[in-house]
file protein_0.cif (mmCIF, C-alpha atoms)
data_final
loop_
_atom_site.label_atom_id
_atom_site.label_comp_id
_atom_site.auth_asym_id
_atom_site.auth_seq_id
_atom_site.Cartn_x
_atom_site.Cartn_y
_atom_site.Cartn_z
CA MET A 5 -42.10 90.86 97.07
CA ARG A 6 -41.29 88.13 94.63
CA SER A 7 -37.58 87.52 94.43
CA VAL A 8 -35.63 88.27 91.29
CA ALA A 9 -34.10 84.84 91.26
CA ALA A 10 -37.50 83.23 91.51
CA ALA A 11 -38.97 85.55 88.90
CA ALA A 12 -36.18 85.17 86.38
CA GLY A 13 -35.25 82.01 88.08
CA PRO A 14 -33.07 79.13 87.14
CA PRO A 15 -34.43 77.06 84.27
CA SER A 16 -37.84 75.66 85.18
CA ARG A 17 -36.65 72.08 85.22
CA PHE A 18 -34.29 72.98 88.04
CA ARG A 19 -36.78 74.84 90.18
CA LYS A 20 -38.23 71.62 91.50
CA ARG A 21 -34.86 70.77 92.89
CA SER A 22 -35.00 73.53 95.45
CA GLY A 23 -37.82 71.58 97.07
CA ALA A 24 -37.82 68.32 98.98
CA ARG A 25 -36.21 66.24 96.28
CA ALA A 26 -33.34 68.67 95.96
CA SER A 27 -32.49 68.23 99.59
CA LEU A 28 -32.31 64.49 99.05
CA ARG A 29 -30.01 64.78 96.08
CA PRO A 30 -28.54 68.22 95.63
CA TYR A 31 -25.97 67.21 93.05
CA GLY A 32 -26.29 66.00 89.50
CA ALA A 33 -29.24 68.22 88.75
CA ALA A 34 -28.01 68.92 85.25
CA ARG A 35 -28.47 65.41 83.89
CA HIS A 36 -30.99 66.75 81.39
CA LEU A 37 -28.04 68.10 79.45
CA LEU A 38 -27.46 64.57 78.22
CA ASN A 39 -30.80 64.58 76.41
CA PRO A 40 -30.53 65.58 72.77
CA VAL A 41 -32.85 68.11 71.18
CA SER A 42 -34.66 67.22 67.97
CA ALA A 43 -32.03 66.08 65.53
CA ALA A 44 -33.73 67.84 62.64
CA SER A 45 -33.66 71.24 64.30
CA PHE A 46 -31.08 73.52 62.74
CA GLN A 47 -31.38 76.08 65.50
CA ILE A 48 -28.32 75.12 67.49
CA ASP A 49 -26.15 77.88 68.93
CA VAL A 50 -22.48 77.04 68.63
CA PRO A 51 -20.33 78.35 71.50
CA GLU A 52 -17.80 81.03 70.59
CA LEU A 53 -14.98 78.85 71.86
CA VAL A 54 -15.80 76.13 69.34
CA LEU A 55 -16.27 78.64 66.52
CA ALA A 56 -12.96 80.33 67.26
CA ARG A 57 -11.17 76.99 67.12
CA ALA A 58 -12.94 76.01 63.94
CA ARG A 59 -11.90 79.30 62.32
CA ARG A 60 -8.31 78.43 63.13
CA GLY A 61 -8.79 75.10 61.38
CA ASP A 62 -8.92 72.97 64.53
CA ALA A 63 -10.06 69.58 63.22
CA ARG A 64 -11.77 68.60 66.48
CA ALA A 65 -13.82 71.77 66.53
CA LEU A 66 -14.79 71.24 62.90
CA GLU A 67 -15.75 67.67 63.68
CA THR A 68 -17.84 68.86 66.62
CA ILE A 69 -19.70 71.24 64.36
CA TYR A 70 -20.15 68.52 61.76
CA ARG A 71 -21.54 66.10 64.37
CA ALA A 72 -23.93 68.72 65.74
CA PHE A 73 -25.38 69.56 62.35
CA GLU A 74 -25.13 66.34 60.35
CA ARG A 75 -28.70 65.20 61.06
CA PRO A 76 -30.46 68.51 60.41
CA ALA A 77 -28.31 69.11 57.33
CA TYR A 78 -29.07 65.65 56.00
CA THR A 79 -32.80 65.93 56.72
CA LEU A 80 -32.99 69.27 54.91
CA ALA A 81 -30.92 68.01 51.98
CA LEU A 82 -33.06 64.89 51.67
CA ARG A 83 -36.29 66.93 51.60
CA VAL A 84 -34.92 69.08 48.83
CA VAL A 85 -33.10 66.62 46.57
CA GLY A 86 -35.30 63.63 47.34
CA ASP A 87 -32.86 60.72 47.34
CA VAL A 88 -30.42 59.38 49.86
CA GLU A 89 -27.30 59.35 47.70
CA SER A 90 -27.77 62.92 46.48
CA ALA A 91 -28.54 64.11 50.00
CA ARG A 92 -25.24 62.63 51.21
CA GLU A 93 -23.40 64.40 48.42
CA VAL A 94 -25.09 67.66 49.33
CA VAL A 95 -24.11 67.33 52.99
CA HIS A 96 -20.56 66.41 52.06
CA ASP A 97 -20.18 69.36 49.69
CA ALA A 98 -21.88 71.75 52.11
CA MET A 99 -19.58 70.72 54.95
CA LEU A 100 -16.53 71.14 52.73
CA ARG A 101 -17.74 74.61 51.79
CA LEU A 102 -18.29 75.37 55.46
CA ILE A 103 -14.72 74.35 56.24
CA GLU A 104 -13.39 76.51 53.41
CA ARG A 105 -15.42 79.55 54.38
CA ILE A 106 -15.69 79.44 58.13
CA GLY A 107 -13.01 82.12 58.35
CA GLN A 108 -15.42 84.46 56.58
CA PHE A 109 -18.19 83.95 59.15
CA ARG A 110 -18.46 87.26 60.97
CA GLY A 111 -20.94 86.27 63.62
CA GLU A 112 -23.47 88.97 62.69
CA ALA A 113 -26.19 86.35 62.26
CA PRO A 114 -26.51 83.00 64.03
CA PHE A 115 -24.06 80.40 62.82
CA TRP A 116 -26.79 77.84 62.26
CA GLY A 117 -28.56 80.18 59.83
CA TRP A 118 -25.33 80.67 57.90
CA LEU A 119 -24.70 76.94 57.70
CA ARG A 120 -28.31 76.21 56.77
CA GLN A 121 -28.01 78.67 53.90
CA ILE A 122 -24.93 76.81 52.65
CA VAL A 123 -26.84 73.52 52.76
CA VAL A 124 -29.85 75.01 50.95
CA ASN A 125 -27.63 76.53 48.26
CA GLU A 126 -25.80 73.26 47.72
CA ALA A 127 -29.06 71.32 47.56
CA LEU A 128 -30.60 73.73 45.05
CA MET A 129 -27.42 73.67 42.97
CA HIS A 130 -27.61 69.90 42.99
CA LEU A 131 -31.20 70.07 41.81
CA ARG A 132 -30.26 72.37 38.93
CA ARG A 133 -27.41 70.11 37.85
CA SER A 134 -29.29 66.87 38.03
CA ARG A 135 -31.06 65.61 34.94
CA GLY A 136 -30.84 69.00 33.29
CA ALA A 137 -34.40 69.90 34.22
CA ALA A 138 -34.33 72.48 36.97
CA PHE A 139 -38.00 73.15 37.47
CA GLU A 140 -41.02 71.04 36.89
CA GLU A 141 -44.38 72.43 36.09
CA LEU A 142 -47.55 71.48 37.85
CA ASP A 143 -50.63 70.94 35.77
CA GLU A 144 -53.82 72.94 35.77
CA ARG A 145 -55.63 70.46 38.02
CA ASP A 146 -53.52 71.70 40.93
CA GLU A 147 -55.97 74.42 41.68
CA PRO A 148 -57.14 75.49 45.12
CA PRO A 149 -59.00 72.62 46.80
CA GLY A 150 -62.61 72.60 47.81
CA ASP A 151 -64.00 72.46 51.31
CA GLY A 152 -63.28 69.73 53.80
CA PRO A 153 -60.47 69.16 56.23
CA PRO A 154 -57.05 68.78 54.62
CA PRO A 155 -55.93 65.14 54.67
CA TRP A 156 -52.73 65.90 56.60
CA LEU A 157 -54.88 66.63 59.61
CA LEU A 158 -56.00 63.00 59.69
CA ALA A 159 -53.29 61.07 57.87
CA ASP A 160 -50.23 59.57 59.48
CA ALA A 161 -46.67 60.67 58.82
CA ALA A 162 -45.97 57.80 56.42
CA GLN A 163 -48.81 58.87 54.12
CA LEU A 164 -47.64 62.45 54.09
CA GLU A 165 -44.06 61.30 53.50
CA ARG A 166 -45.16 59.18 50.51
CA ALA A 167 -47.17 62.00 49.00
CA LEU A 168 -44.29 64.43 49.53
CA GLY A 169 -42.01 62.02 47.70
CA GLU A 170 -44.34 62.08 44.69
CA LEU A 171 -44.27 65.84 44.30
CA PRO A 172 -42.06 67.33 41.58
CA ARG A 173 -38.66 68.03 43.08
CA MET A 174 -38.67 71.78 42.87
CA THR A 175 -42.22 72.00 44.15
CA ARG A 176 -41.33 69.85 47.12
CA SER A 177 -38.27 72.00 47.78
CA VAL A 178 -40.18 75.27 47.66
CA LEU A 179 -42.92 73.82 49.85
CA TRP A 180 -40.36 72.66 52.39
CA LEU A 181 -38.34 75.87 52.38
CA TYR A 182 -41.49 77.92 52.85
CA HIS A 183 -43.44 75.88 55.37
CA VAL A 184 -40.70 74.24 57.43
CA GLU A 185 -37.59 76.39 57.08
CA GLU A 186 -39.73 79.55 57.03
CA TYR A 187 -38.02 81.31 54.18
CA THR A 188 -40.06 84.11 52.61
CA HIS A 189 -41.26 83.98 49.01
CA GLN A 190 -38.77 86.74 48.25
CA GLU A 191 -35.89 84.70 49.68
CA ILE A 192 -37.00 81.57 47.84
CA ALA A 193 -37.24 83.54 44.60
CA GLU A 194 -33.66 84.78 45.06
CA MET A 195 -32.34 81.34 45.90
CA THR A 196 -34.04 79.59 43.01
CA GLY A 197 -33.48 82.36 40.48
CA LYS A 198 -37.22 82.57 39.86
CA SER A 199 -39.88 85.15 40.61
CA VAL A 200 -41.83 85.71 43.80
CA SER A 201 -45.00 84.65 42.02
CA PHE A 202 -43.30 81.40 41.02
CA SER A 203 -42.61 80.68 44.69
CA LYS A 204 -46.18 81.56 45.65
CA SER A 205 -47.69 79.41 42.93
CA GLN A 206 -45.44 76.46 43.79
CA VAL A 207 -46.50 76.68 47.44
CA ALA A 208 -50.18 76.99 46.57
CA ARG A 209 -50.26 74.36 43.86
CA GLY A 210 -47.91 72.08 45.75
CA GLY A 211 -50.29 72.10 48.71
CA SER A 212 -53.21 71.28 46.43
CA ARG A 213 -51.29 68.52 44.71
CA LEU A 214 -50.25 67.08 48.07
CA ARG A 215 -53.90 67.02 49.08
CA ARG A 216 -54.93 65.19 45.90
CA LEU A 217 -52.10 62.68 46.27
CA MET A 218 -53.14 61.93 49.82
CA ASP A 219 -56.80 61.68 48.90
CA ARG A 220 -55.85 59.20 46.19
CA GLN A 221 -53.81 57.17 48.67
CA GLU A 222 -56.81 57.14 50.98
CA GLN A 223 -59.13 55.93 48.22
CA GLU A 224 -56.70 53.20 47.16
CA ALA A 225 -56.36 52.03 50.74
CA ALA A 226 -60.17 51.93 51.07
CA ARG A 227 -60.45 49.94 47.83
CA CYS A 228 -57.84 47.45 49.06
CA LEU A 229 -59.72 47.05 52.32
CA ALA A 230 -63.00 46.51 50.48
CA ALA A 231 -61.43 43.92 48.18
CA THR A 232 -60.00 41.94 51.09
CA PRO A 233 -62.32 39.05 51.89
CA MET B 169 -44.74 81.46 60.46
CA SER B 170 -43.63 84.42 62.40
CA ARG B 171 -41.59 86.47 60.00
CA ARG B 172 -43.21 85.74 56.70
CA ASP B 173 -45.96 86.61 54.34
CA ALA B 174 -48.57 84.90 56.50
CA MET B 175 -51.19 87.19 54.95
CA ASN B 176 -50.74 85.28 51.71
CA ASP B 177 -51.25 81.91 53.30
CA ARG B 178 -54.39 79.98 52.56
CA PRO B 179 -56.53 78.32 55.19
CA GLY B 180 -54.93 75.00 56.05
CA ASP B 181 -51.39 76.19 55.33
CA ALA B 182 -50.58 76.41 59.02
CA ALA B 183 -51.80 72.84 59.47
CA LEU B 184 -49.69 71.70 56.52
CA ALA B 185 -46.63 73.46 57.95
CA ALA B 186 -47.23 71.78 61.30
CA ALA B 187 -47.68 68.36 59.67
CA LEU B 188 -44.49 68.76 57.62
CA ARG B 189 -42.51 69.86 60.66
CA ALA B 190 -43.80 66.87 62.59
CA LEU B 191 -42.43 64.39 60.04
CA PRO B 192 -39.80 62.14 61.58
CA ASP B 193 -36.12 62.95 61.04
CA ALA B 194 -34.32 61.33 58.17
CA ALA B 195 -32.62 58.10 59.19
CA PRO B 196 -28.98 58.64 60.12
CA MET B 197 -26.62 58.58 57.20
CA PRO B 198 -23.24 56.89 57.18
CA ASP B 199 -20.48 58.88 58.87
CA LEU B 200 -19.05 61.36 56.38
CA TRP B 201 -16.43 62.74 58.73
CA PRO B 202 -13.52 60.43 57.79
CA ASP B 203 -13.98 61.46 54.17
CA LEU B 204 -14.22 65.13 55.10
CA ALA B 205 -11.13 64.89 57.29
CA ARG B 206 -9.19 63.44 54.34
CA SER B 207 -10.41 66.30 52.14
CA ILE B 208 -9.28 68.84 54.75
CA ALA B 209 -5.88 67.20 54.93
CA ARG B 210 -5.56 67.23 51.13
CA ARG B 211 -6.51 70.89 50.97
CA ARG B 212 -3.97 71.76 53.63
CA ARG B 213 -1.17 70.02 51.77
CA ARG B 214 -2.04 71.58 48.45
CA PRO B 215 -1.12 75.21 49.29
CA LEU B 216 2.46 74.19 50.12
CA ARG B 217 3.12 73.39 46.46
CA TYR B 218 2.17 76.93 45.48
CA ALA B 219 3.46 78.68 48.58
CA LEU B 220 6.76 79.85 47.09
CA PRO B 221 5.34 81.23 43.80
CA ILE B 222 2.54 82.98 45.69
CA ALA B 223 4.99 84.47 48.19
CA LEU B 224 7.22 85.72 45.36
CA ALA B 225 4.26 87.24 43.53
CA ALA B 226 3.09 88.95 46.70
CA ALA B 227 6.59 90.34 47.36
CA VAL B 228 6.82 91.77 43.83
CA ALA B 229 3.37 93.35 44.11
CA PHE B 230 4.23 94.83 47.49
CA ALA B 231 7.49 96.25 46.14
CA LEU B 232 5.57 97.97 43.33
CA VAL B 233 2.84 99.39 45.56
CA LEU B 234 4.95 100.45 48.53
CA PRO B 235 6.55 103.59 47.01
CA ARG B 236 3.10 104.95 46.07
CA LEU B 237 1.78 104.35 49.54
CA VAL B 238 4.78 106.10 51.09
CA ASN B 239 4.36 109.13 48.82
CA ARG B 240 0.66 109.38 49.50
CA GLY B 241 1.30 109.07 53.20
CA ALA B 242 3.85 111.93 53.06
CA THR B 243 1.43 114.32 51.35
CA THR B 244 -1.75 113.59 53.20
CA SER B 245 -0.65 112.35 56.54
CA GLN B 246 -2.44 113.82 59.50
CA PRO B 247 -2.31 112.84 63.07
CA ALA B 248 -4.60 109.93 63.45
CA THR B 249 -7.47 110.42 65.80
CA PRO B 250 -7.81 107.39 67.97
CA VAL B 251 -11.29 105.97 67.88
CA ALA B 252 -12.39 104.94 71.27
CA HIS B 253 -14.43 101.77 71.38
CA VAL B 254 -15.93 102.15 74.77
CA THR B 255 -18.89 100.08 75.63
CA ALA B 256 -21.09 101.21 78.43
CA PRO B 257 -21.05 98.86 81.34
CA ALA B 258 -24.14 96.68 81.28
CA SER B 259 -26.66 97.25 84.02
CA PRO B 260 -27.28 94.29 86.34
CA VAL B 261 -30.70 93.74 84.76
CA ASP B 262 -29.19 93.65 81.27
CA GLU B 263 -26.42 91.40 82.38
CA LEU B 264 -28.84 89.04 84.09
CA SER B 265 -30.97 88.71 80.97
CA GLN B 266 -27.84 88.30 78.83
CA LEU B 267 -26.70 85.54 81.15
CA HIS B 268 -30.11 83.84 80.90
CA ARG B 269 -29.94 83.91 77.11
CA ARG B 270 -26.35 82.71 77.05
CA SER B 271 -27.21 79.92 79.46
CA GLN B 272 -30.14 78.78 77.32
CA SER B 273 -28.12 78.85 74.12
CA LEU B 274 -25.28 76.88 75.70
CA GLU B 275 -27.74 74.31 77.00
CA ARG B 276 -29.19 73.89 73.52
CA TRP B 277 -25.72 73.43 72.09
CA ILE B 278 -24.70 70.90 74.74
CA ALA B 279 -27.92 68.97 74.28
CA ALA B 280 -27.35 68.94 70.53
CA VAL B 281 -23.78 67.67 70.63
CA ALA B 282 -24.12 65.34 73.60
CA ALA B 283 -25.70 62.46 71.76
CA ARG B 284 -23.67 62.90 68.61
CA ALA B 285 -20.07 63.46 69.62
CA PRO B 286 -18.19 60.35 70.72
CA GLN B 287 -17.22 60.52 74.38
CA ASP B 288 -14.39 58.69 76.02
CA GLY B 289 -14.36 57.76 79.68
CA ARG B 290 -12.33 60.78 80.80
CA ASP B 291 -14.57 63.19 78.92
CA LEU B 292 -17.60 61.60 80.46
CA MET B 293 -16.20 61.83 83.99
CA ALA B 294 -15.21 65.45 83.56
CA ALA B 295 -18.64 66.25 82.10
CA VAL B 296 -20.41 64.56 85.01
CA GLU B 297 -18.33 66.58 87.49
CA VAL B 298 -19.19 69.84 85.76
CA GLU B 299 -22.86 68.89 85.56
CA ASP B 300 -22.84 68.24 89.29
CA LEU B 301 -21.34 71.66 89.88
CA ILE B 302 -24.04 73.20 87.70
CA GLY B 303 -26.60 71.34 89.77
CA LEU B 304 -25.10 72.81 92.92
CA VAL B 305 -25.26 76.32 91.47
CA ASP B 306 -28.90 75.72 90.52
CA VAL B 307 -29.74 74.73 94.06
CA GLN B 308 -28.10 77.93 95.27
CA LEU B 309 -30.00 79.91 92.64
CA GLY B 310 -33.22 78.49 94.01
CA GLY B 311 -32.40 80.18 97.31
CA ALA B 312 -31.13 83.48 95.88
CA HIS B 313 -33.67 86.15 96.82
CA THR B 314 -32.13 89.25 95.33
CA ARG B 315 -30.67 90.24 92.01
CA SER B 316 -27.28 90.83 93.58
CA ASP B 317 -27.35 87.29 95.01
CA ALA B 318 -28.42 85.79 91.69
CA LEU B 319 -25.99 87.63 89.41
CA PRO B 320 -22.73 85.97 90.49
CA LEU B 321 -24.44 82.59 90.51
CA TRP B 322 -25.67 83.07 86.95
CA ARG B 323 -22.14 84.12 85.92
CA GLN B 324 -20.82 80.96 87.49
CA ARG B 325 -23.50 78.89 85.79
CA VAL B 326 -22.63 80.28 82.37
CA ALA B 327 -18.90 79.73 82.97
CA LEU B 328 -19.59 76.13 83.93
CA LEU B 329 -21.79 75.60 80.89
CA GLU B 330 -19.02 76.98 78.68
CA ASP B 331 -16.64 74.49 80.23
CA LEU B 332 -19.13 71.70 79.70
CA ALA B 333 -19.54 72.75 76.07
CA ALA B 334 -15.77 72.64 75.65
CA ILE B 335 -15.55 69.18 77.19
CA ARG B 336 -18.46 67.89 75.16
CA GLY B 337 -17.08 69.36 72.01
CA ASN B 338 -13.38 69.03 72.25
CA GLY B 339 -12.67 66.39 74.82
CA VAL B 340 -11.03 66.53 78.15
CA ALA B 341 -7.61 67.33 76.71
CA LEU B 342 -8.80 70.73 75.59
CA ALA B 343 -10.56 71.39 78.88
CA ALA B 344 -7.59 70.35 80.99
CA ASN B 345 -4.80 71.97 79.03
CA GLY B 346 -6.49 75.04 77.67
CA ALA B 347 -4.89 74.39 74.30
CA ASP B 348 -3.18 77.27 72.49
CA GLY B 349 -2.48 78.93 75.79
CA GLU B 350 -6.09 79.69 76.63
CA ALA B 351 -7.24 79.90 80.18
CA VAL B 352 -7.97 76.74 82.06
CA PRO B 353 -11.73 76.39 82.40
CA ALA B 354 -13.27 77.60 85.62
CA SER B 355 -14.79 74.23 86.40
CA LEU B 356 -11.40 72.57 86.56
CA ASN B 357 -10.22 75.19 89.02
CA LEU B 358 -13.25 74.41 91.09
CA LEU B 359 -12.63 70.70 90.83
CA ASN B 360 -9.04 70.88 92.02
#
call {"tool": "encode", "arguments": {"input": "protein_0.cif", "output": "structure tokens"}}
result
Amino acid sequence: MRSVAAAAGPPSRFRKRSGARASLRPYGAARHLLNPVSAASFQIDVPELVLARARRGDARALETIYRAFERPAYTLALRVVGDVESAREVVHDAMLRLIERIGQFRGEAPFWGWLRQIVVNEALMHLRRSRGAAFEELDERDEPPGDGPPPWLLADAAQLERALGELPRMTRSVLWLYHVEEYTHQEIAEMTGKSVSFSKSQVARGGSRLRRLMDRQEQEAARCLAATP
Amino acid sequence: MSRRDAMNDRPGDAALAAALRALPDAAPMPDLWPDLARSIARRRRRPLRYALPIALAAAVAFALVLPRLVNRGATTSQPATPVAHVTAPASPVDELSQLHRRSQSLERWIAAVAARAPQDGRDLMAAVEVEDLIGLVDVQLGGAHTRSDALPLWRQRVALLEDLAAIRGNGVALAANGADGEAVPASLNLLN
């Protein structure tokens, strides 16, 4: 019979250590804990101990939470608002709001989801305030694309990044919230104060526009190559 | 795309989502913490200015409301039925899976804060000691053949990870002193 410990087992990276190598060096097996996870990932579980201290206003606990989430918060803010200075402001304001409200966090949902919502709200509020224009319309050419593989399958990250930067701000935000943060159209509609169909159309047209922008980049690059003697 | 309207997605949307997720992280921004810490300090000082007026207002309001509450209590009071909040003891299987989940979530947290929080030499030494103890528990877990053997080891592993999280997050002072009268972490008992 297979043992429970082996079936449930310690984390897979430790299982090797019960073999020959483990006998050579039984200690220090948890060095992997020094390796950071992806900095952009919001899905970090904060220990209860840290949360309890933060609720009591413990500055070190608050700083710990800030340090854990500063990169994902900044990355998300930057994708929504589109420029470095505004993204910093968003993170600053979101963290202040977190500090003000952490006593209200009941722990019914994961903390990271609660904090991410604060960051999204701040970023969208920033978008609404800036330059008066909250939403930008896409033109009629942003219709569903034809056949052929989408350019993001072949392009590198820099090309996609450039094209993303050229999208209208709200379109980019909706696209990011839907595809990366996995909000539903209903949730996006509530957050932006628009309709579900608005969210759907922004995702659909935004994808098409992204494709055209990348195709154009590709053509320009080809022209440059052809013109080079 | 697990929880969403995937039915509405067009062909290629999954590829776009994957490409967007694979974009590199934004470059690190300048440290905002000093500024935030100043804001916290300002906000903490501010309430003192209004503390007396707020306390007076609260006292007046309480004095007005109290007689009504007393009267209502006299007319409608009934012996209170205590509500028992009894949770059923978790079965070993449940507890084991809870411990697995807790262990994974703590590991994610520790991995997330490790590279970001500044560590001084004492923190680092304490963390290394606890990591070694976790390593030892893992070796023992590798040889645990029954659930009853594994359960106490998993409990110990989670306790050690909680200690490590505290050290990583709050520094060795918190771990050693158990600030605010909290229990001294298990790992330090083991170390001494």
call {"tool": "residues_around", "arguments": {"input": "protein_0.cif", "residues": "A:Val207", "least_positions_apart": "4", "cutoff": "9 Å", "atoms": "only C-alpha atoms", "output": "PyMOL selection string"}}
result
chain A and resi 175-176+178-180+182-183+202-203+211-212
call {"tool": "closest_atom_pairs", "arguments": {"input": "protein_0.cif", "of": "stretch 66-171 of chain A", "to": "stretch 196-201 of chain B", "cutoff": "8 Å", "atoms": "all atoms listed in the file", "output": "CSV"}}
result
residue,atom,partner,partner_atom,distance
A:Glu67,CA,B:Trp201,CA,7.0
A:Tyr70,CA,B:Trp201,CA,7.5
A:Arg75,CA,B:Pro196,CA,6.6
A:Tyr78,CA,B:Met197,CA,7.6
A:Arg92,CA,B:Met197,CA,7.4
A:His96,CA,B:Leu200,CA,6.8
call {"tool": "resolve_selection", "arguments": {"input": "protein_0.cif", "expression": "the PyMOL selection byres ((chain B and resi 323) around 12)", "output": "compact mmCIF listing (two decimals) with C-alpha atoms, keeping the file's coordinate frame"}}
result
# COMPACT_ATOMS: atom_id res chain seq x y z
CA PRO B 260 -27.28 94.29 86.34
CA GLU B 263 -26.42 91.40 82.38
CA LEU B 264 -28.84 89.04 84.09
CA SER B 265 -30.97 88.71 80.97
CA GLN B 266 -27.84 88.30 78.83
CA LEU B 267 -26.70 85.54 81.15
CA HIS B 268 -30.11 83.84 80.90
CA ARG B 269 -29.94 83.91 77.11
CA ARG B 270 -26.35 82.71 77.05
CA SER B 271 -27.21 79.92 79.46
CA ILE B 302 -24.04 73.20 87.70
CA VAL B 305 -25.26 76.32 91.47
CA ASP B 306 -28.90 75.72 90.52
CA LEU B 309 -30.00 79.91 92.64
CA SER B 316 -27.28 90.83 93.58
CA ASP B 317 -27.35 87.29 95.01
CA ALA B 318 -28.42 85.79 91.69
CA LEU B 319 -25.99 87.63 89.41
CA PRO B 320 -22.73 85.97 90.49
CA LEU B 321 -24.44 82.59 90.51
CA TRP B 322 -25.67 83.07 86.95
CA GLN B 324 -20.82 80.96 87.49
CA ARG B 325 -23.50 78.89 85.79
CA VAL B 326 -22.63 80.28 82.37
CA ALA B 327 -18.90 79.73 82.97
CA LEU B 328 -19.59 76.13 83.93
CA LEU B 329 -21.79 75.60 80.89
CA GLU B 330 -19.02 76.98 78.68
CA ALA B 354 -13.27 77.60 85.62
call {"tool": "closest_residue", "arguments": {"input": "protein_0.cif", "among": "B:Ala334, B:Leu204, B:Leu184, B:Ala280", "to": "A:Glu93", "atoms": "all atoms listed in the file"}}
result
B:Leu204
call {"tool": "atom_distance", "arguments": {"input": "protein_0.cif", "atom1": "atom CA of B:Leu191", "atom2": "atom CA of A:Glu165"}}
result
7.4 Å
call {"tool": "resolve_selection", "arguments": {"input": "protein_0.cif", "expression": "the PyMOL selection byres ((chain A and resi 195) around 10)", "output": "count of residues only"}}
result
15
call {"tool": "closest_residue", "arguments": {"input": "protein_0.cif", "among": "B:Ala333, B:Ile208, B:Ala187, B:Ala194", "to": "B:Glu275", "atoms": "all atoms listed in the file"}}
result
B:Ala333
call {"tool": "closest_residue", "arguments": {"input": "protein_0.cif", "among": "B:Met293, B:Leu304, B:Ile335, B:Val298", "to": "chain A", "atoms": "only C-alpha atoms"}}
result
B:Leu304
call {"tool": "closest_residue", "arguments": {"input": "protein_0.cif", "among": "A:Leu82, A:Leu102, A:Ala58, A:Cys228", "to": "chain B", "atoms": "all atoms listed in the file"}}
result
A:Leu82
call {"tool": "resolve_selection", "arguments": {"input": "protein_0.cif", "expression": "the PyMOL selection byres ((chain A and resi 101) around 12)", "output": "PyMOL selection string"}}
result
(chain A and resi 66+70+94-100+102-109+118-123+125-126) or (chain B and resi 204+207-208+211)
call {"tool": "write_last_selection", "arguments": {"input": "protein_0.cif", "atoms": "C-alpha atoms", "output": "tab-separated table (two decimals), in the frame of the given file"}}
result
chain	number	residue	atom	x	y	z
A	66	LEU	CA	-14.79	71.24	62.90
A	70	TYR	CA	-20.15	68.52	61.76
A	94	VAL	CA	-25.09	67.66	49.33
A	95	VAL	CA	-24.11	67.33	52.99
A	96	HIS	CA	-20.56	66.41	52.06
A	97	ASP	CA	-20.18	69.36	49.69
A	98	ALA	CA	-21.88	71.75	52.11
A	99	MET	CA	-19.58	70.72	54.95
A	100	LEU	CA	-16.53	71.14	52.73
A	102	LEU	CA	-18.29	75.37	55.46
A	103	ILE	CA	-14.72	74.35	56.24
A	104	GLU	CA	-13.39	76.51	53.41
A	105	ARG	CA	-15.42	79.55	54.38
A	106	ILE	CA	-15.69	79.44	58.13
A	107	GLY	CA	-13.01	82.12	58.35
A	108	GLN	CA	-15.42	84.46	56.58
A	109	PHE	CA	-18.19	83.95	59.15
A	118	TRP	CA	-25.33	80.67	57.90
A	119	LEU	CA	-24.70	76.94	57.70
A	120	ARG	CA	-28.31	76.21	56.77
A	121	GLN	CA	-28.01	78.67	53.90
A	122	ILE	CA	-24.93	76.81	52.65
A	123	VAL	CA	-26.84	73.52	52.76
A	125	ASN	CA	-27.63	76.53	48.26
A	126	GLU	CA	-25.80	73.26	47.72
B	204	LEU	CA	-14.22	65.13	55.10
B	207	SER	CA	-10.41	66.30	52.14
B	208	ILE	CA	-9.28	68.84	54.75
B	211	ARG	CA	-6.51	70.89	50.97
call {"tool": "atom_distance", "arguments": {"input": "protein_0.cif", "atom1": "atom CA of B:Asp181", "atom2": "atom CA of A:Leu158"}}
result
14.6 Å
call {"tool": "atom_distance", "arguments": {"input": "protein_0.cif", "atom1": "atom CA of A:Glu185", "atom2": "atom CA of A:Ala162"}}
result
20.4 Å
call {"tool": "closest_residue", "arguments": {"input": "protein_0.cif", "among": "A:Arg64, A:Arg166, A:His130, A:Arg110", "to": "A:Leu214", "atoms": "only C-alpha atoms"}}
result
A:Arg166
call {"tool": "axis_aligned_box", "arguments": {"input": "protein_0.cif", "around": "stretch 161-178 of chain A", "padding_each_side": "3 Å", "output": "lines of an AutoDock Vina configuration file"}}
result
center_x = -43.5
center_y = 66.5
center_z = 50.2
size_x = 16.5
size_y = 23.5
size_z = 23.2
